[in-house]
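The structure appears below as structure tokens.
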Amino acid sequence: MNIRILLSILTISMLAIACEDTIDVDLKEADPVLVVDAWINDKSEDQIIRLMMSQPYFDQTLPPEVSGATVTVTDNTGKVYNFTEQETGEYVWSPSGADPSFGTIGNEYTLNVQLQDGDSYQSVTTMNRTAQVDSITFTYEEETAFFPESYIAEVWARDPQGEGDSYWIRTYKNGVLLTKPQEINLAFDAAFTEGSSFDGITFIEPIRQGINPLDQDEDDEFLSPYELGDSVYVEIHSISNEAFYFLTEVAIQTDRPGGFGELFAQPLANVPTNIYATENGVKDVVGFFNVAAVSGKGKKLEE
Amino acid sequence: MSKIILQFLTVVALWCVAHQLVAQQKVTLSGYINDAENGEALIGATVFVRETQSGSASNVYGFYSITLPPGQYTIEYTYVGYQPLVKEITLNENQRLNVEMTGESQQLQEVVISGERVDANVTSTEMSTNKLDIQTIKKIPAFLGEVDVLKSIQLLPGVSTVGEGAAGFNVRGGGVGQNLILLDEAPVYNSSHLFGFFSVFNPDAVKDTKLYKGAIPAQYGGRIASLLDVRTKEGNSKRFEANGGIGTVFSRLALEAPIVKDKSSFILAGRRSYIDILAKPFLQDLDDVGLSFYDLTMKTNYNFDKNNRLYLSGYFGRDVFKFDENQGFNWGSKTASLRWNHVFNARLFSNFTAVYSKYDYQLEFGEDARDRFTWDSDVTNYMFKPEFTYFVNNYNEVSFGGSIIYYTFEPANAVGISDGERIDISLDKKYNLESAVYLSNKHELNDRLSAEYGLRYSMFQYLGPGTAYEYGEAVPGERKPVVGAREYDRWETIQSYSNLEPRVAFKYQLNASSSIKGSYNRMAQYIHLVSNTTASNPLDVWVPSSNNLEPQIGDQFALGYFRNFGEGNDYEASAEVYTRLTKNQVDYIDGADILINEYLEGELLSGEGRAYGLELYLKKNVGNLNGWISYTLGRTELQVEGINDGDWYPTRYDQTHNLKVAAFYDLNERISLSGNFTFVSGTPTTFPTSRYVVQGILIPYNAEGGRNNVRLESYHRLDLSLRLEGKKMKKGKERRNEDYWVFSLYNVYGRKNPFSIYFSQSDDRVSPGEVINTEANRVSIVGSIIPSISYNFRF
């Protein structure tokens, strides 16, 4: 059961006595740590692994890249994929005639990162099967007290039989990936969590409808997620269970309810990582490595 | 173990018999003490024998018993706020004497205390307890003008909360789920309406509230931090009475009347919020949207004869949120308790209690039948509790008895329907039996030294049918894997626990106006409240101890100095220090999924707690200006493997300084003013040091990895209220009914006290390669001055 959704609904229905303001806070300083952003998949396009350093929390600049590293991914058959640095800090593997896409479902992959200073890092994951996008539909909804007249998109997909699949449903509106924290849309089998086993059925409604961006205009009025002429493209990425837990915690830590909802927020905690230092075990590292199989489909909203 | 207990019981029994023999030549005076105006039993009224300079006090049912050699005696009955009553009696044989005491004044503003003050603060063995009568609670300025029992006790030393609007309270570093809250002996599992803004206790029905922060008598057990004993009124047994009011949030009405005069009476008290009714005209589109909460408290009693009285009380309350016709969320409690007071003889008083208590919640989502989710969950218990008090002699009062509680936990009765396919994701019910026997004695050793010592032996069984899982090892702080499962049949014991809980308290009288008191008690708690949110919420789950979850154990030591000052003990003061050490406190891994999770136990952690503090309390009982000042200096920390690198860390409710001032001033016959001021040190919280980006999402990072490593600004708030009594006379005649207005201001200087500061990326949509901006936001639950008004009546 996803308490976030429940609480956001409750927050709306609460007495609006809570007040909130943006303030300046002095934070402690800390040494930067290596960030590994390694989410690769089997789409026939360049696969990118980014290496960066963490920054002070209020440093409003692009993160410093880590250049000059050696990045490879090896599978359990011994096959090596080399990721070469193209832009600074961006390590790329490109598909070719021999390898039109990255990886095979069921194989285990090991990420190796060797930095210029000699420190090296590793991570292991498996590429899991994914669910197929069946179709995308739009529904017209009349205006209500909170929302204008809207077109709501819904993605139809079915979790294959067998417990333990997890997915990250990623949505592109007019070609732009939705990356706000509240747009993280995850499924464990066909529902929200591991403990409640919704296996082998159609994704539940809140996940199917989790592909709608909730934007507000300057007057804080909600906008219709999609307008006539907009297009939507939905991908289902298979992720490891560890990646599911990681993203669940990322959502808890980044999608803050604010206001009265903070009564039921969870305290700040570091999200996990599946990257570890091999040479120098005490060095901190953050980030995540996942190899996804991807299915996708798109639709344009027309009259 | 049971052998030791048997021996202990034998010794005590023999000792009782021995006393019985010695006491043969003595006679006993016993009876009930009631209020003359409405027949309510007076709890803790003092009975004092002038000739022997000895005394006793009435119990929670108003019963007293005092044993003396035959002779002529002058008996004084005293009770705070009542005219002392003196009876000359000739005692030749056991005698029953029921007395009725008259209140000092019908009008509260004319409090004139005469005669001897009750100095129980100094003379009784009791320590670490605070009693708030409903008259005082009603005077405290309240949030939105709604008188609230639980918010009032937060003005007492040693009591704190995680913040405004949060449910429950924290006592001497205990968690919200470590308080035993009893409403007429029935345990209340969730004491809040509207998530925590209001409590479930209707002030029109409550008679007396007593908080035990330590030195908890052996007859109570099951929670390790505190006991809040809420007793409701019996109902006026003399005449019909109605109380009610119209406030900002609730409308209230309470009716009480005799059924058979002086034999039987009832009270029926109801409250309902009416935000939804007021909002209706403005929300025509949202006809089915609703937010309401209500409760009904009732009680009736019957005095069969002088030795048998029966009380039946019940509570029913619910909070209802509806998002539309088909979707919503509601929760609430039901309790019922049936009590039978039986006086075996003048010296053996007994009470048998049967209790039913249930807390449940229900959720429904999905606008149509093809896509729906329904979930309900409950904790239900049945309890039977025989209790006996044996008034051995003037120096010994022995209590003994036991309790047996049968629990059923239904974590989830849940069904999901997705695109027409139905999946039942219900979890198995859990069955438990908690039982206890206890024996204790209030012993006056000499003029100066008295003690209350006892022993409680508690047992807990986790019973079948059910599946018990076995979990493997994991890195501390991570999910433990399931390595085995075993099925159990009905009534088969899956796991059992038992604990000996010694309770000791003593008082040493230094002189007439001061004493030193000390106590030690051990408490065991077999059911646990698991919450992973800052404030407890209605979905928080109660889980029983099991093969994976051991009972929580708490040990508390307290030492105090009590002193009364002034003529007639106008001022009472106390200073107490306490240390509380706890084991097997329940915590959870980061990202734990506590709702509908078959493998929840694999995500729970257990740790140790330590809390210590100093509590100062000064109270002025009389005069136009009265009230109290309470100050607590405290520290509350936890150590859990897997959190904060296994080091001690302060809890969210760790408050270094906690100062509360409550003052009441009677300006004239019609106007009285009240104020309270709160100052609390900043709440511990966790701030990030750094940021990093993964897949376009900005993640906060705390390089030290510590929990609660910084503190928010300190909290302070002033509330004021003015009570205006209605005119006593109308057209030259005395009015039959009384009424009054209460005007109150909450957070008078509108301080934006931070409940929390949270960190997030700004809400702007960011394209890949663009800088993501970060911000810190301060949330104040009540960030402005809140005025309110209420009208109250009584006839």
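Here's how to read the names in the structure tokens: chain A, B, ... by the order shown, residue numbers from 1 in each chain, ligand numbers from 1 in the order shown.
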Between range 7-89 of chain A and range 93-116 of chain A, at 10 Å or less, what are the per-residue closest atom pairs and their distances in Å? Count only C-alpha atoms, order by chain and rising residue number, and return it as a Markdown table.
```
| residue | atom | partner | partner_atom | distance |
| --- | --- | --- | --- | --- |
| A:Leu34 | CA | A:Leu115 | CA | 9.9 |
| A:Val36 | CA | A:Val113 | CA | 9.0 |
| A:Ala38 | CA | A:Leu111 | CA | 8.7 |
| A:Ile40 | CA | A:Phe102 | CA | 8.1 |
| A:Asn41 | CA | A:Phe102 | CA | 6.4 |
| A:Asp42 | CA | A:Phe102 | CA | 4.6 |
| A:Lys43 | CA | A:Ser101 | CA | 6.0 |
| A:Ser44 | CA | A:Ser101 | CA | 4.8 |
| A:Glu45 | CA | A:Pro95 | CA | 6.2 |
| A:Asp46 | CA | A:Ser94 | CA | 4.5 |
| A:Gln47 | CA | A:Trp93 | CA | 5.2 |
| A:Ile48 | CA | A:Trp93 | CA | 6.6 |
| A:Ile49 | CA | A:Trp93 | CA | 8.6 |
| A:Leu51 | CA | A:Val113 | CA | 9.2 |
| A:Val66 | CA | A:Leu115 | CA | 8.3 |
| A:Ser67 | CA | A:Gln116 | CA | 8.1 |
| A:Gly68 | CA | A:Gln116 | CA | 5.9 |
| A:Ala69 | CA | A:Leu115 | CA | 4.4 |
| A:Thr70 | CA | A:Gln114 | CA | 5.0 |
| A:Val71 | CA | A:Val113 | CA | 4.7 |
| A:Thr72 | CA | A:Asn112 | CA | 5.3 |
| A:Val73 | CA | A:Leu111 | CA | 4.5 |
| A:Thr74 | CA | A:Thr110 | CA | 5.1 |
| A:Asp75 | CA | A:Tyr109 | CA | 4.4 |
| A:Asn76 | CA | A:Glu108 | CA | 5.3 |
| A:Thr77 | CA | A:Asn107 | CA | 8.2 |
| A:Gly78 | CA | A:Tyr109 | CA | 9.6 |
| A:Lys79 | CA | A:Tyr109 | CA | 9.5 |
| A:Val80 | CA | A:Thr110 | CA | 9.5 |
| A:Tyr81 | CA | A:Trp93 | CA | 7.1 |
| A:Asn82 | CA | A:Trp93 | CA | 6.3 |
| A:Phe83 | CA | A:Trp93 | CA | 4.7 |
| A:Thr84 | CA | A:Trp93 | CA | 6.6 |
| A:Glu85 | CA | A:Trp93 | CA | 9.1 |
| A:Gln86 | CA | A:Trp93 | CA | 9.7 |
```
query = Which residues come within 9 Å of Glu40 in chain B, counting only C-alpha atoms, excluding same-chain residues fewer than 3 positions away, as number ranges by chain?
reply = B: 33-37, 62, 207, 233-237
Quick one: write out the picked residues with N, CA and C atoms as a PDB file, in the first residue's frame?
```
ATOM      1  N   ILE B  33     -18.080   7.598  49.499  1.00  0.00           N
ATOM      2  CA  ILE B  33     -18.093   9.057  49.616  1.00  0.00           C
ATOM      3  C   ILE B  33     -18.558   9.626  48.276  1.00  0.00           C
ATOM      4  N   ASN B  34     -19.615  10.413  48.340  1.00  0.00           N
ATOM      5  CA  ASN B  34     -20.184  10.954  47.106  1.00  0.00           C
ATOM      6  C   ASN B  34     -20.375  12.466  47.189  1.00  0.00           C
ATOM      7  N   ASP B  35     -20.554  13.048  46.011  1.00  0.00           N
ATOM      8  CA  ASP B  35     -20.855  14.473  45.920  1.00  0.00           C
ATOM      9  C   ASP B  35     -22.337  14.665  46.255  1.00  0.00           C
ATOM     10  N   ALA B  36     -22.619  15.610  47.136  1.00  0.00           N
ATOM     11  CA  ALA B  36     -23.997  15.790  47.582  1.00  0.00           C
ATOM     12  C   ALA B  36     -24.896  16.331  46.482  1.00  0.00           C
ATOM     13  N   GLU B  37     -24.312  17.067  45.552  1.00  0.00           N
ATOM     14  CA  GLU B  37     -25.142  17.709  44.549  1.00  0.00           C
ATOM     15  C   GLU B  37     -25.574  16.768  43.436  1.00  0.00           C
ATOM     16  N   GLY B  62     -14.912   5.508  45.078  1.00  0.00           N
ATOM     17  CA  GLY B  62     -15.372   6.289  46.218  1.00  0.00           C
ATOM     18  C   GLY B  62     -15.487   5.495  47.501  1.00  0.00           C
ATOM     19  N   LYS B 207     -14.731  12.750  34.255  1.00  0.00           N
ATOM     20  CA  LYS B 207     -14.781  13.225  35.628  1.00  0.00           C
ATOM     21  C   LYS B 207     -13.384  13.511  36.146  1.00  0.00           C
ATOM     22  N   LYS B 233     -17.938  10.308  34.311  1.00  0.00           N
ATOM     23  CA  LYS B 233     -18.934  10.575  35.343  1.00  0.00           C
ATOM     24  C   LYS B 233     -19.939   9.437  35.417  1.00  0.00           C
ATOM     25  N   GLU B 234     -20.528   9.283  36.587  1.00  0.00           N
ATOM     26  CA  GLU B 234     -21.589   8.285  36.713  1.00  0.00           C
ATOM     27  C   GLU B 234     -22.907   8.820  36.163  1.00  0.00           C
ATOM     28  N   GLY B 235     -23.022  10.108  36.129  1.00  0.00           N
ATOM     29  CA  GLY B 235     -24.305  10.723  35.773  1.00  0.00           C
ATOM     30  C   GLY B 235     -24.990  11.184  37.048  1.00  0.00           C
ATOM     31  N   ASN B 236     -25.650  12.307  36.944  1.00  0.00           N
ATOM     32  CA  ASN B 236     -26.274  12.902  38.125  1.00  0.00           C
ATOM     33  C   ASN B 236     -27.375  11.990  38.671  1.00  0.00           C
ATOM     34  N   SER B 237     -27.236  11.595  39.936  1.00  0.00           N
ATOM     35  CA  SER B 237     -28.232  10.677  40.501  1.00  0.00           C
ATOM     36  C   SER B 237     -29.300  11.413  41.299  1.00  0.00           C
TER      37      SER B 237
END
```
For Asp424 in chain B: contacts at 7 Å, only C-alpha atoms, fewer than 3 positions along chain excluded, given as an mmCIF file with C-alpha atoms, in the first residue's frame:
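Writing the result to part_26.cif gives the following:
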```cif
data_model
loop_
_atom_site.group_PDB
_atom_site.id
_atom_site.type_symbol
_atom_site.label_atom_id
_atom_site.label_comp_id
_atom_site.auth_asym_id
_atom_site.auth_seq_id
_atom_site.Cartn_x
_atom_site.Cartn_y
_atom_site.Cartn_z
ATOM 1 C CA ALA B 414 -7.825 -6.336 1.774
ATOM 2 C CA VAL B 415 -8.964 -6.867 -1.774
ATOM 3 C CA GLY B 416 -7.676 -5.235 -4.905
#
```
message = Let's see if you can do this: from backbone DSSP, list all strand (DSSP E or B) residues in range 68-258 of chain A, as a PyMOL selection string.
response = chain A and resi 70-75+80-85+90-93+108-114+120-126+133-141+150-158+166-173+176-177+185-188+191+202+216+222+226+231-239
